[in-house]
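Note: the block below is upload_19.pdb and it holds PDB, C-alpha atoms.
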```
ATOM      1  CA  MET R   2      -1.178  12.989 112.607
ATOM      2  CA  SER R   3      -0.394  16.654 113.369
ATOM      3  CA  SER R   4       2.269  17.689 115.843
ATOM      4  CA  SER R   5      -0.431  18.727 118.326
ATOM      5  CA  THR R   6      -1.794  15.191 118.493
ATOM      6  CA  PRO R   7      -0.759  13.342 121.669
ATOM      7  CA  PRO R   8       1.982  10.679 121.179
ATOM      8  CA  PHE R   9       0.803   7.564 121.751
ATOM      9  CA  LEU R  10       2.810   1.302 120.588
ATOM     10  CA  SER R  11      37.784 -26.301 122.787
ATOM     11  CA  LYS R  12      39.455 -28.977 122.583
ATOM     12  CA  VAL R  13      37.945 -31.957 120.693
ATOM     13  CA  LYS R  14      38.475 -35.474 121.956
ATOM     14  CA  PRO R  15      38.556 -38.598 119.755
ATOM     15  CA  TYR R  16      35.141 -40.251 119.480
ATOM     16  CA  ARG R  17      33.609 -43.302 117.948
ATOM     17  CA  LEU R  18      31.284 -43.343 114.897
ATOM     18  CA  GLY R  19      28.232 -44.170 117.047
ATOM     19  CA  THR R  20      28.944 -41.217 119.277
ATOM     20  CA  HIS R  21      29.283 -38.986 116.225
ATOM     21  CA  ILE R  22      25.882 -40.087 114.889
ATOM     22  CA  PHE R  23      24.294 -39.579 118.294
ATOM     23  CA  VAL R  24      25.713 -36.069 118.654
ATOM     24  CA  CYS R  25      24.601 -35.136 115.115
ATOM     25  CA  CYS R  26      21.072 -36.328 115.796
ATOM     26  CA  LEU R  27      20.988 -34.479 119.094
ATOM     27  CA  CYS R  28      22.148 -31.258 117.458
ATOM     28  CA  PHE R  29      19.597 -31.685 114.684
ATOM     29  CA  PHE R  30      16.688 -32.000 117.114
ATOM     30  CA  VAL R  31      17.910 -29.126 119.298
ATOM     31  CA  GLY R  32      18.300 -26.955 116.227
ATOM     32  CA  CYS R  33      14.791 -27.783 115.029
ATOM     33  CA  SER R  34      13.395 -26.939 118.437
ATOM     34  CA  PHE R  35      15.054 -23.533 118.460
ATOM     35  CA  ALA R  36      13.869 -22.871 114.899
ATOM     36  CA  LEU R  37      10.280 -23.703 115.774
ATOM     37  CA  CYS R  38      10.498 -21.550 118.866
ATOM     38  CA  PHE R  39      11.785 -18.653 116.805
ATOM     39  CA  ILE R  40       9.085 -19.036 114.153
ATOM     40  CA  SER R  41       6.224 -19.438 116.587
ATOM     41  CA  THR R  42       7.097 -17.397 119.659
ATOM     42  CA  SER R  43       3.654 -17.884 121.060
ATOM     43  CA  ASP R  44       4.512 -21.546 121.727
ATOM     44  CA  CYS R  45       7.652 -20.679 123.703
ATOM     45  CA  SER R  46       6.694 -17.577 125.596
ATOM     46  CA  LYS R  47       3.729 -15.311 126.063
ATOM     47  CA  SER R  48       3.458 -12.420 123.656
ATOM     48  CA  ASP R  49       3.177  -8.959 125.209
ATOM     49  CA  ASP R  50      -0.105  -8.533 123.330
ATOM     50  CA  ASP R  51      -1.613 -11.830 124.450
ATOM     51  CA  VAL R  52      -1.067 -11.854 128.194
ATOM     52  CA  ALA R  53      -4.759 -11.854 129.101
ATOM     53  CA  LEU R  54      -6.971 -14.821 128.329
ATOM     54  CA  ILE R  55     -10.734 -15.270 128.411
ATOM     55  CA  LYS R  56     -12.005 -18.813 128.768
ATOM     56  CA  THR R  57     -14.925 -19.606 126.483
ATOM     57  CA  ASP R  58     -16.433 -23.087 126.256
ATOM     58  CA  ASP R  59     -13.220 -24.702 127.474
ATOM     59  CA  LYS R  60     -11.212 -22.879 124.820
ATOM     60  CA  PHE R  61      -9.034 -19.874 125.383
ATOM     61  CA  ILE R  62      -9.410 -16.763 123.261
ATOM     62  CA  SER R  63      -6.529 -14.318 123.586
ATOM     63  CA  GLN R  64      -7.077 -10.661 124.277
ATOM     64  CA  LYS R  65      -4.700  -7.860 123.390
ATOM     65  CA  ALA R  66      -3.606  -6.352 126.669
ATOM     66  CA  ALA R  67      -3.148  -2.620 127.003
ATOM     67  CA  LYS R  68       0.127  -1.946 128.794
ATOM     68  CA  ASN R  69       0.289   1.372 130.613
ATOM     69  CA  SER R  70      -2.364   2.913 128.371
ATOM     70  CA  LEU R  71      -3.627   6.415 128.921
ATOM     71  CA  LEU R  72      -7.058   5.427 127.583
ATOM     72  CA  LEU R  73      -9.007   2.218 127.254
ATOM     73  CA  ILE R  74     -12.031   2.465 124.943
ATOM     74  CA  MET R  75     -14.712  -0.030 125.943
ATOM     75  CA  ILE R  76     -17.273  -0.362 123.157
ATOM     76  CA  LEU R  77     -20.456  -2.203 124.127
ATOM     77  CA  SER R  78     -21.512  -4.316 121.163
ATOM     78  CA  ALA R  79     -23.682  -7.364 120.464
ATOM     79  CA  PRO R  80     -22.889 -10.733 118.829
ATOM     80  CA  ASP R  81     -24.698  -9.914 115.590
ATOM     81  CA  HIS R  82     -23.459  -6.308 115.249
ATOM     82  CA  VAL R  83     -20.662  -7.341 112.898
ATOM     83  CA  GLU R  84     -21.214  -4.549 110.368
ATOM     84  CA  LYS R  85     -21.275  -1.918 113.106
ATOM     85  CA  ARG R  86     -17.924  -3.152 114.417
ATOM     86  CA  HIS R  87     -16.482  -3.171 110.889
ATOM     87  CA  ALA R  88     -17.697   0.406 110.407
ATOM     88  CA  LEU R  89     -15.917   1.615 113.553
ATOM     89  CA  ARG R  90     -12.696  -0.254 112.668
ATOM     90  CA  ARG R  91     -12.675   1.325 109.211
ATOM     91  CA  THR R  92     -13.425   4.836 110.439
ATOM     92  CA  TRP R  93     -12.474   6.505 113.705
ATOM     93  CA  LEU R  94     -10.715   3.485 115.220
ATOM     94  CA  SER R  95      -8.454   3.374 112.144
ATOM     95  CA  LEU R  96      -6.972   6.700 113.267
ATOM     96  CA  LEU R  97      -5.446   5.089 116.348
ATOM     97  CA  ASN R  98      -1.757   4.241 116.227
ATOM     98  CA  HIS R  99      -1.941   0.515 116.920
ATOM     99  CA  ASP R 100       1.798   0.331 117.652
ATOM    100  CA  ASP R 101       1.334   2.776 120.498
ATOM    101  CA  HIS R 102       0.187   1.719 123.972
ATOM    102  CA  HIS R 103      -1.432   5.065 124.803
ATOM    103  CA  VAL R 104      -4.853   4.014 123.496
ATOM    104  CA  LYS R 105      -6.432   0.566 123.279
ATOM    105  CA  TYR R 106      -9.967  -0.520 122.478
ATOM    106  CA  LEU R 107     -12.156  -3.592 122.953
ATOM    107  CA  PHE R 108     -15.636  -4.571 121.800
ATOM    108  CA  ALA R 109     -17.425  -6.084 124.808
ATOM    109  CA  ILE R 110     -19.775  -8.932 123.884
ATOM    110  CA  GLY R 111     -21.618 -11.456 126.056
ATOM    111  CA  ASN R 112     -21.714 -15.020 124.752
ATOM    112  CA  LYS R 113     -23.732 -16.872 127.379
ATOM    113  CA  GLU R 114     -26.378 -19.135 125.780
ATOM    114  CA  LEU R 115     -25.187 -18.422 122.243
ATOM    115  CA  LEU R 116     -25.476 -21.205 119.712
ATOM    116  CA  GLU R 117     -22.321 -22.844 118.372
ATOM    117  CA  PRO R 118     -22.506 -21.161 114.923
ATOM    118  CA  GLU R 119     -22.652 -17.744 116.624
ATOM    119  CA  LEU R 120     -19.721 -18.652 118.867
ATOM    120  CA  ASN R 121     -17.694 -19.800 115.869
ATOM    121  CA  ASN R 122     -18.389 -16.509 114.099
ATOM    122  CA  LEU R 123     -17.126 -14.576 117.131
ATOM    123  CA  ARG R 124     -14.020 -16.768 117.375
ATOM    124  CA  THR R 125     -13.246 -16.216 113.697
ATOM    125  CA  GLU R 126     -13.757 -12.463 114.003
ATOM    126  CA  HIS R 127     -11.559 -12.258 117.070
ATOM    127  CA  GLN R 128      -8.790 -14.346 115.531
ATOM    128  CA  HIS R 129      -8.700 -11.856 112.675
ATOM    129  CA  TYR R 130      -8.975  -8.565 114.577
ATOM    130  CA  GLN R 131      -7.912  -9.463 118.130
ATOM    131  CA  ASP R 132     -10.233  -6.825 119.577
ATOM    132  CA  LEU R 133     -13.188  -8.698 121.107
ATOM    133  CA  LEU R 134     -13.716  -8.924 124.851
ATOM    134  CA  ILE R 135     -15.855 -12.048 125.037
ATOM    135  CA  LEU R 136     -17.674 -12.386 128.355
ATOM    136  CA  PRO R 137     -18.728 -16.028 128.908
ATOM    137  CA  GLU R 138     -20.895 -15.380 131.966
ATOM    138  CA  VAL R 139     -22.885 -12.530 130.402
ATOM    139  CA  GLN R 140     -26.069 -12.996 128.421
ATOM    140  CA  ASP R 141     -26.093 -10.332 125.709
ATOM    141  CA  ASN R 142     -29.520  -8.842 126.240
ATOM    142  CA  TYR R 143     -30.622  -5.195 126.324
ATOM    143  CA  ASN R 144     -32.261  -5.755 129.705
ATOM    144  CA  LEU R 145     -28.922  -6.913 131.130
ATOM    145  CA  LEU R 146     -26.699  -4.062 129.902
ATOM    146  CA  THR R 147     -25.768  -3.099 133.452
ATOM    147  CA  ASN R 148     -24.447  -6.604 134.150
ATOM    148  CA  LYS R 149     -22.479  -6.467 130.918
ATOM    149  CA  LEU R 150     -20.952  -3.101 131.793
ATOM    150  CA  LEU R 151     -19.912  -4.273 135.252
ATOM    151  CA  ALA R 152     -18.398  -7.466 133.836
ATOM    152  CA  SER R 153     -16.437  -5.380 131.301
ATOM    153  CA  LEU R 154     -15.158  -2.991 133.962
ATOM    154  CA  THR R 155     -14.185  -5.853 136.247
ATOM    155  CA  TRP R 156     -12.272  -7.620 133.481
ATOM    156  CA  ALA R 157     -10.492  -4.397 132.539
ATOM    157  CA  GLU R 158      -9.560  -3.680 136.149
ATOM    158  CA  ASN R 159      -8.139  -7.160 136.633
ATOM    159  CA  ASN R 160      -6.259  -7.463 133.343
ATOM    160  CA  LEU R 161      -5.301  -4.090 131.877
ATOM    161  CA  LYS R 162      -3.372  -0.990 132.851
ATOM    162  CA  PHE R 163      -4.926   2.347 131.926
ATOM    163  CA  GLU R 164      -5.625   5.777 133.386
ATOM    164  CA  PHE R 165      -9.049   6.498 131.900
ATOM    165  CA  LEU R 166     -11.863   4.442 130.398
ATOM    166  CA  LEU R 167     -14.153   5.722 127.654
ATOM    167  CA  LYS R 168     -17.381   3.774 127.406
ATOM    168  CA  VAL R 169     -19.198   4.141 124.090
ATOM    169  CA  ASP R 170     -21.806   2.222 122.127
ATOM    170  CA  ASP R 171     -21.109   0.663 118.744
ATOM    171  CA  ASP R 172     -23.256   3.306 117.043
ATOM    172  CA  SER R 173     -21.198   6.217 118.387
ATOM    173  CA  TYR R 174     -18.705   8.208 116.336
ATOM    174  CA  VAL R 175     -15.730   9.611 118.247
ATOM    175  CA  ASN R 176     -13.657  12.456 116.845
ATOM    176  CA  ILE R 177     -10.730  10.625 118.378
ATOM    177  CA  ARG R 178      -7.919  13.086 117.682
ATOM    178  CA  HIS R 179      -9.877  16.016 119.034
ATOM    179  CA  PHE R 180     -11.030  13.852 121.948
ATOM    180  CA  MET R 181      -7.461  12.838 122.857
ATOM    181  CA  ASN R 182      -6.311  16.450 122.810
ATOM    182  CA  GLU R 183      -9.050  17.279 125.299
ATOM    183  CA  LEU R 184      -8.322  14.243 127.461
ATOM    184  CA  MET R 185      -4.676  15.288 127.749
ATOM    185  CA  LYS R 186      -5.881  18.541 129.343
ATOM    186  CA  LYS R 187      -7.765  16.522 131.968
ATOM    187  CA  LYS R 188      -5.266  13.765 132.653
ATOM    188  CA  ASP R 189      -4.334  15.185 136.064
ATOM    189  CA  ILE R 190      -7.938  15.277 137.324
ATOM    190  CA  GLU R 191      -8.557  12.636 139.951
ATOM    191  CA  LYS R 192     -11.812  10.670 140.005
ATOM    192  CA  LEU R 193     -12.928  12.175 136.689
ATOM    193  CA  TYR R 194     -16.502  11.577 135.489
ATOM    194  CA  TRP R 195     -16.802  13.359 132.135
ATOM    195  CA  GLY R 196     -19.796  13.450 129.820
ATOM    196  CA  TYR R 197     -23.131  15.136 129.091
ATOM    197  CA  PHE R 198     -25.088  15.041 132.345
ATOM    198  CA  ASN R 199     -28.757  14.993 133.230
ATOM    199  CA  GLY R 200     -30.112  15.476 136.750
ATOM    200  CA  ARG R 201     -33.781  16.099 136.133
ATOM    201  CA  ALA R 202     -34.806  12.902 134.319
ATOM    202  CA  GLN R 203     -38.049  11.283 135.433
ATOM    203  CA  VAL R 204     -37.889   7.582 136.286
ATOM    204  CA  HIS R 205     -39.269   5.539 133.393
ATOM    205  CA  GLN R 206     -42.407   3.673 134.409
ATOM    206  CA  LYS R 207     -43.084   1.918 131.101
ATOM    207  CA  GLY R 208     -41.511   0.962 127.801
ATOM    208  CA  LYS R 209     -38.142  -0.638 127.196
ATOM    209  CA  TRP R 210     -36.457   1.715 129.678
ATOM    210  CA  LYS R 211     -38.887   0.866 132.492
ATOM    211  CA  GLU R 212     -36.982   0.828 135.774
ATOM    212  CA  THR R 213     -38.817  -1.539 138.130
ATOM    213  CA  GLY R 214     -36.054  -1.659 140.742
ATOM    214  CA  TRP R 215     -35.546   2.093 141.254
ATOM    215  CA  ASN R 216     -36.570   3.244 144.748
ATOM    216  CA  LEU R 217     -34.010   5.945 145.605
ATOM    217  CA  CYS R 218     -36.080   9.049 144.806
ATOM    218  CA  ASP R 219     -38.598  10.326 142.278
ATOM    219  CA  ARG R 220     -35.922  11.255 139.730
ATOM    220  CA  TYR R 221     -32.739   9.658 138.494
ATOM    221  CA  LEU R 222     -29.573  10.849 140.202
ATOM    222  CA  PRO R 223     -27.279  12.952 137.975
ATOM    223  CA  TYR R 224     -25.710  10.729 135.337
ATOM    224  CA  ALA R 225     -23.724  11.074 132.120
ATOM    225  CA  ARG R 226     -25.640  10.043 129.007
ATOM    226  CA  GLY R 227     -24.823   6.544 127.807
ATOM    227  CA  GLY R 228     -23.715   7.244 124.236
ATOM    228  CA  GLY R 229     -20.280   7.987 125.649
ATOM    229  CA  TYR R 230     -18.675   8.998 128.945
ATOM    230  CA  VAL R 231     -15.280   8.838 130.646
ATOM    231  CA  ILE R 232     -14.416   7.582 134.104
ATOM    232  CA  SER R 233     -10.962   7.464 135.625
ATOM    233  CA  ARG R 234      -9.147   4.329 136.768
ATOM    234  CA  GLN R 235      -9.929   4.996 140.440
ATOM    235  CA  LEU R 236     -13.654   4.885 139.701
ATOM    236  CA  VAL R 237     -13.327   1.748 137.579
ATOM    237  CA  HIS R 238     -11.485   0.155 140.504
ATOM    238  CA  TYR R 239     -14.261   1.146 142.923
ATOM    239  CA  LEU R 240     -17.050  -0.194 140.708
ATOM    240  CA  SER R 241     -15.185  -3.411 139.988
ATOM    241  CA  LYS R 242     -14.377  -4.212 143.600
ATOM    242  CA  ASN R 243     -17.919  -3.485 144.750
ATOM    243  CA  SER R 244     -19.759  -4.981 141.789
ATOM    244  CA  MET R 245     -21.428  -7.689 143.880
ATOM    245  CA  LEU R 246     -22.949  -5.056 146.191
ATOM    246  CA  LEU R 247     -24.300  -2.656 143.589
ATOM    247  CA  ASN R 248     -27.924  -2.460 142.496
ATOM    248  CA  LYS R 249     -28.190  -3.610 138.881
ATOM    249  CA  PHE R 250     -30.498  -0.945 137.502
ATOM    250  CA  LYS R 251     -31.745  -1.509 133.979
ATOM    251  CA  ASN R 252     -30.178   1.588 132.392
ATOM    252  CA  GLU R 253     -26.393   1.281 132.594
ATOM    253  CA  ASP R 254     -25.760   5.034 132.353
ATOM    254  CA  VAL R 255     -28.319   5.751 135.077
ATOM    255  CA  ALA R 256     -26.730   3.001 137.174
ATOM    256  CA  VAL R 257     -23.236   4.511 136.902
ATOM    257  CA  GLY R 258     -24.569   7.892 138.036
ATOM    258  CA  ALA R 259     -26.286   6.289 141.043
ATOM    259  CA  TRP R 260     -23.224   4.208 141.955
ATOM    260  CA  LEU R 261     -20.903   7.206 141.865
ATOM    261  CA  ALA R 262     -23.293   9.673 143.521
ATOM    262  CA  PRO R 263     -21.965   9.184 147.102
ATOM    263  CA  LEU R 264     -18.334   9.565 146.009
ATOM    264  CA  ASN R 265     -16.210  12.674 145.828
ATOM    265  CA  VAL R 266     -15.906  12.636 142.052
ATOM    266  CA  THR R 267     -15.130  15.473 139.643
ATOM    267  CA  HIS R 268     -18.106  15.906 137.332
ATOM    268  CA  VAL R 269     -17.302  17.559 134.007
ATOM    269  CA  HIS R 270     -20.356  18.406 131.921
ATOM    270  CA  ASP R 271     -19.407  18.853 128.273
ATOM    271  CA  THR R 272     -21.812  19.982 125.547
ATOM    272  CA  ARG R 273     -19.427  18.482 122.963
ATOM    273  CA  PHE R 274     -20.690  15.050 124.057
ATOM    274  CA  ASP R 275     -23.723  14.464 121.823
ATOM    275  CA  THR R 276     -24.564  11.283 123.685
ATOM    276  CA  GLU R 277     -28.303  11.255 124.381
ATOM    277  CA  TRP R 278     -30.852   8.733 123.111
ATOM    278  CA  ALA R 279     -31.081  10.771 119.893
ATOM    279  CA  SER R 280     -28.484  13.066 118.348
ATOM    280  CA  ARG R 281     -28.893  16.825 118.819
ATOM    281  CA  GLY R 282     -27.712  17.400 115.242
ATOM    282  CA  CYS R 283     -24.227  17.879 113.837
ATOM    283  CA  SER R 284     -21.551  20.240 115.111
ATOM    284  CA  ASN R 285     -17.893  20.392 114.180
ATOM    285  CA  GLN R 286     -17.186  20.808 117.886
ATOM    286  CA  TYR R 287     -18.568  17.412 118.873
ATOM    287  CA  LEU R 288     -16.168  14.968 120.501
ATOM    288  CA  ILE R 289     -18.720  12.126 120.420
ATOM    289  CA  THR R 290     -22.019  11.871 118.565
ATOM    290  CA  HIS R 291     -24.664   9.182 119.095
ATOM    291  CA  PRO R 292     -26.589   7.364 117.793
ATOM    292  CA  GLN R 293     -25.440   7.176 114.173
ATOM    293  CA  GLU R 294     -26.438   4.843 111.381
ATOM    294  CA  ILE R 295     -23.618   2.921 109.696
ATOM    295  CA  SER R 296     -23.954   5.058 106.561
ATOM    296  CA  GLU R 297     -23.676   8.237 108.643
ATOM    297  CA  ILE R 298     -20.561   6.954 110.382
ATOM    298  CA  TYR R 299     -18.850   6.406 107.033
ATOM    299  CA  LYS R 300     -20.033   9.775 105.711
ATOM    300  CA  MET R 301     -18.910  11.643 108.828
ATOM    301  CA  HIS R 302     -15.500   9.990 108.706
ATOM    302  CA  GLU R 303     -15.053  10.808 105.017
ATOM    303  CA  THR R 304     -15.942  14.445 105.683
ATOM    304  CA  LEU R 305     -13.539  14.626 108.611
ATOM    305  CA  THR R 306     -10.746  13.001 106.597
ATOM    306  CA  ASN R 307     -11.189  15.238 103.554
ATOM    307  CA  SER R 308     -11.950  18.564 105.188
ATOM    308  CA  GLY R 309     -10.931  18.332 108.840
ATOM    309  CA  ARG R 310     -14.557  19.020 109.792
ATOM    310  CA  LEU R 311     -17.083  16.564 111.193
ATOM    311  CA  CYS R 312     -20.133  17.871 109.355
ATOM    312  CA  GLN R 313     -20.839  18.598 105.730
ATOM    313  CA  LEU R 314     -23.406  21.031 107.074
ATOM    314  CA  GLU R 315     -23.850  21.942 110.725
ATOM    315  CA  PHE R 316     -27.412  21.827 112.037
ATOM    316  CA  GLU R 317     -29.221  21.642 115.372
ATOM    317  CA  LYS R 318     -32.227  19.509 116.265
ATOM    318  CA  ARG R 319     -32.250  20.405 119.966
ATOM    319  CA  SER R 320     -30.309  22.961 121.951
ATOM    320  CA  ALA R 321     -27.639  21.828 124.385
ATOM    321  CA  TYR R 322     -27.686  23.017 127.978
ATOM    322  CA  ASN R 323     -25.032  23.868 130.516
ATOM    323  CA  TYR R 324     -25.322  21.976 133.806
ATOM    324  CA  ASP R 325     -25.687  24.146 136.926
ATOM    325  CA  TRP R 326     -24.118  22.180 139.780
ATOM    326  CA  SER R 327     -24.982  24.905 142.319
ATOM    327  CA  VAL R 328     -28.728  24.126 142.337
ATOM    328  CA  LEU R 329     -30.861  21.068 143.012
ATOM    329  CA  PRO R 330     -30.677  18.451 140.234
ATOM    330  CA  SER R 331     -34.278  19.144 139.124
ATOM    331  CA  GLN R 332     -33.166  22.711 138.291
ATOM    332  CA  CYS R 333     -29.842  21.682 136.759
ATOM    333  CA  CYS R 334     -30.374  21.967 133.068
ATOM    334  CA  LYS R 335     -32.287  25.106 132.184
ATOM    335  CA  ASN R 336     -29.351  27.202 130.998
ATOM    336  CA  LEU R 337     -28.956  26.823 127.266
ATOM    337  CA  ALA R 338     -25.386  26.623 126.039
ATOM    338  CA  SER R 339     -24.222  29.653 124.106
TER     339      SER R 339
END
```

File written out as C-alpha cells:
Amino acid sequence: MSSSTPPFLSKVKPYRLGTHIFVCCLCFFVGCSFALCFISTSDCSKSDDDVALIKTDDKFISQKAAKNSLLLIMILSAPDHVEKRHALRRTWLSLLNHDDHHVKYLFAIGNKELLEPELNNLRTEHQHYQDLLILPEVQDNYNLLTNKLLASLTWAENNLKFEFLLKVDDDSYVNIRHFMNELMKKKDIEKLYWGYFNGRAQVHQKGKWKETGWNLCDRYLPYARGGGYVISRQLVHYLSKNSMLLNKFKNEDVAVGAWLAPLNVTHVHDTRFDTEWASRGCSNQYLITHPQEISEIYKMHETLTNSGRLCQLEFEKRSAYNYDWSVLPSQCCKNLAS
C-alpha cells in the first residue's frame, strides 16, 4: 500500500511419601490446566475478535468485533450467494489490512426459516472466514430488505465501534484504497450521508419495486442509490434506536432517504458512486460501481492490480448528473456532470 493510503489491526519442611504423591499429582493437574488454557485461549478468556455473539438455533456463532474502527462495511448478501462473497473476499476486500482495526466488514444474511442444510453451510462458511453477520430473526427475502438493513444497523450499533458505515450489495465493486482516501477527507463531517442521490424518482406502482405503503408524496424523497452509500455513526444510532417506529418501505435505499429527510444531515452527492440499478459504464474515477457480474468483479480487480486503473477501457452508458440542492427535488438532477 502506498504512503498516501490511510493507516489502518523457601524453606522446605519434611513431608511424608503420601504427601509427596499428593503434591505431585496436584502440580500435574494444575500444570495441565495452564497448558490447556494457553493453547486454547478461547476457553479461558474472550478473544478481542470474538466479543460479540449471535445466537442461532440455540448455538452461538462468534462475530469478529470491530474495535474503534473508522469504517464498518456492511455488505447485504443472501444465504446462497456463496460465490459472490468469495469473489469479494478475493478481490477488493483482500486489499484491507486485516490486522488493522480501521476497517472491518461483515456480510449480513438472514437465516429465519432456513432449512438445516442451509444453516450448516452458513455455519461452516462463517467458521472459516469469520465474516458473516447471521440475523436469526430476519427472513432473507427481497421484499424484506428494509427489515434486514435495520436489523444489521441495530446489531452494529449495539456491538461495534465505528465512525462511518458503508452499505453495499454483494455485487458491488469498491475501489477501496481510493475510497478510503476520500473518506479521510470527510471524517470530520457530522451526520454525513454520502452517495449518488436522486430526488425526482416516481413512486413505483408495479413490478418488483412496487411500493404499496408509500403515502408521503407523489415522488420519493431524496435518497442515495442503494448500490452503495455512507452514513455516519450518529445516523446509524438514530435509525437503530427508532427502528420500531420507522415505516418499513420496500426499497431500503428509498427508506433510508425518507427516514433521514427530517434530520439536519450533510448530504454529499458524488458522481463517483456508480450505484444505480444498472451501471453507468466504467470510469477510472469510480469509488463504487454496481451491479457487477462475478466475472466483471474479477476482471476489474485484475486490471486495478496490474495497472492501477479500474477499467481496461473507459466507456459511458448514461451521463451522470450533479445534484442541485437549491431547487425543489423534482428539478434536482438536470445538470449533467462535466

Item to check | Contact residues around segment 78-88 of chain R with only C-alpha atoms at 8 Å, ignoring same-chain residues under 5 positions, as a PyMOL selection string | outcome: chain R and resi 108-112+119+123+141+170-172+295+298-299

Can you check which parts of segment 252-303 of chain R lie within 9 Å of segment 230-235 of chain R? Per residue, the shortest pair of atoms and distance in Å to one decimal, counting all atoms listed in the file, sorted by chain and number, as a tab-separated table.
```
residue	atom	partner	partner_atom	distance
R:Asp254	CA	R:Tyr230	CA	8.8
R:Phe274	CA	R:Tyr230	CA	8.0
R:Thr276	CA	R:Tyr230	CA	8.2
```

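Taking all atoms listed in the file into account, the residues near (-12.0, -7.7, 117.5), no farther than 10 Å, are R:Gln64, R:Lys65, R:Val83, R:Arg86, R:His87, R:Arg90, R:Tyr106, R:Leu107, R:Phe108, R:Ala109, R:Leu123, R:Arg124, R:Thr125, R:Glu126, R:His127, R:Gln128, R:His129, R:Tyr130, R:Gln131, R:Asp132, R:Leu133, R:Leu134, R:Ile135.
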
I need the residues from that last selection saved to file as a compact mmCIF listing (two decimals), in the coordinates of the input (with C-alpha atoms), if you can.
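As a result, out_7.txt now contains:
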```
# COMPACT_ATOMS: atom_id res chain seq x y z
CA GLN R 64 -7.08 -10.66 124.28
CA LYS R 65 -4.70 -7.86 123.39
CA VAL R 83 -20.66 -7.34 112.90
CA ARG R 86 -17.92 -3.15 114.42
CA HIS R 87 -16.48 -3.17 110.89
CA ARG R 90 -12.70 -0.25 112.67
CA TYR R 106 -9.97 -0.52 122.48
CA LEU R 107 -12.16 -3.59 122.95
CA PHE R 108 -15.64 -4.57 121.80
CA ALA R 109 -17.42 -6.08 124.81
CA LEU R 123 -17.13 -14.58 117.13
CA ARG R 124 -14.02 -16.77 117.38
CA THR R 125 -13.25 -16.22 113.70
CA GLU R 126 -13.76 -12.46 114.00
CA HIS R 127 -11.56 -12.26 117.07
CA GLN R 128 -8.79 -14.35 115.53
CA HIS R 129 -8.70 -11.86 112.68
CA TYR R 130 -8.98 -8.56 114.58
CA GLN R 131 -7.91 -9.46 118.13
CA ASP R 132 -10.23 -6.82 119.58
CA LEU R 133 -13.19 -8.70 121.11
CA LEU R 134 -13.72 -8.92 124.85
CA ILE R 135 -15.86 -12.05 125.04
```

Next on the checklist: Starting from the PyMOL selection byres ((chain R and resi 202-205) around 10), expand the selection into actual residues of this file and give them as an NGL selection string.
Outcome noted: :R and (199-201 or 206-213 or 215-216 or 218-224 or 252 or 255 or 330-331)

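Going from atom CA of Val269 of chain R over to atom CA of Leu193 of chain R, you cover 7.4 Å.
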
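Between Leu89 of chain R and the residues R:Met301, R:Ala259, R:Cys283, R:Leu73, the shortest atom-to-atom distance, using all atoms listed in the file, involves R:Met301.
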
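Using all atoms listed in the file, the shortest contact distance between Asp189 of chain R and any of R:Leu71, R:Pro292, R:Trp278, R:Arg91 is found at R:Leu71.
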
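Using all atoms listed in the file for every distance, the candidate list R:Glu294, R:Glu317, R:Glu138, R:Glu191 yields R:Glu191 as the residue closest to Asn265 of chain R.
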
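The space between atom CA of Leu146 of chain R and atom CA of Ala256 of chain R spans 10.1 Å.
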
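Interatomic distance, atom CA of Ile289 of chain R to atom CA of Ser327 of chain R: 26.1 Å.
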
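Ranking R:Asn285, R:Asn69, R:Pro137, R:His238 by their shortest atom-to-atom distance to Gly309 of chain R, with all atoms listed in the file included, puts R:Asn285 first.
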
Checklist entry - What does the PyMOL selection byres ((chain R and resi 174) around 6) select in this file, as JSON, numbers by chain? => result {"R": [173, 175, 289, 290]}
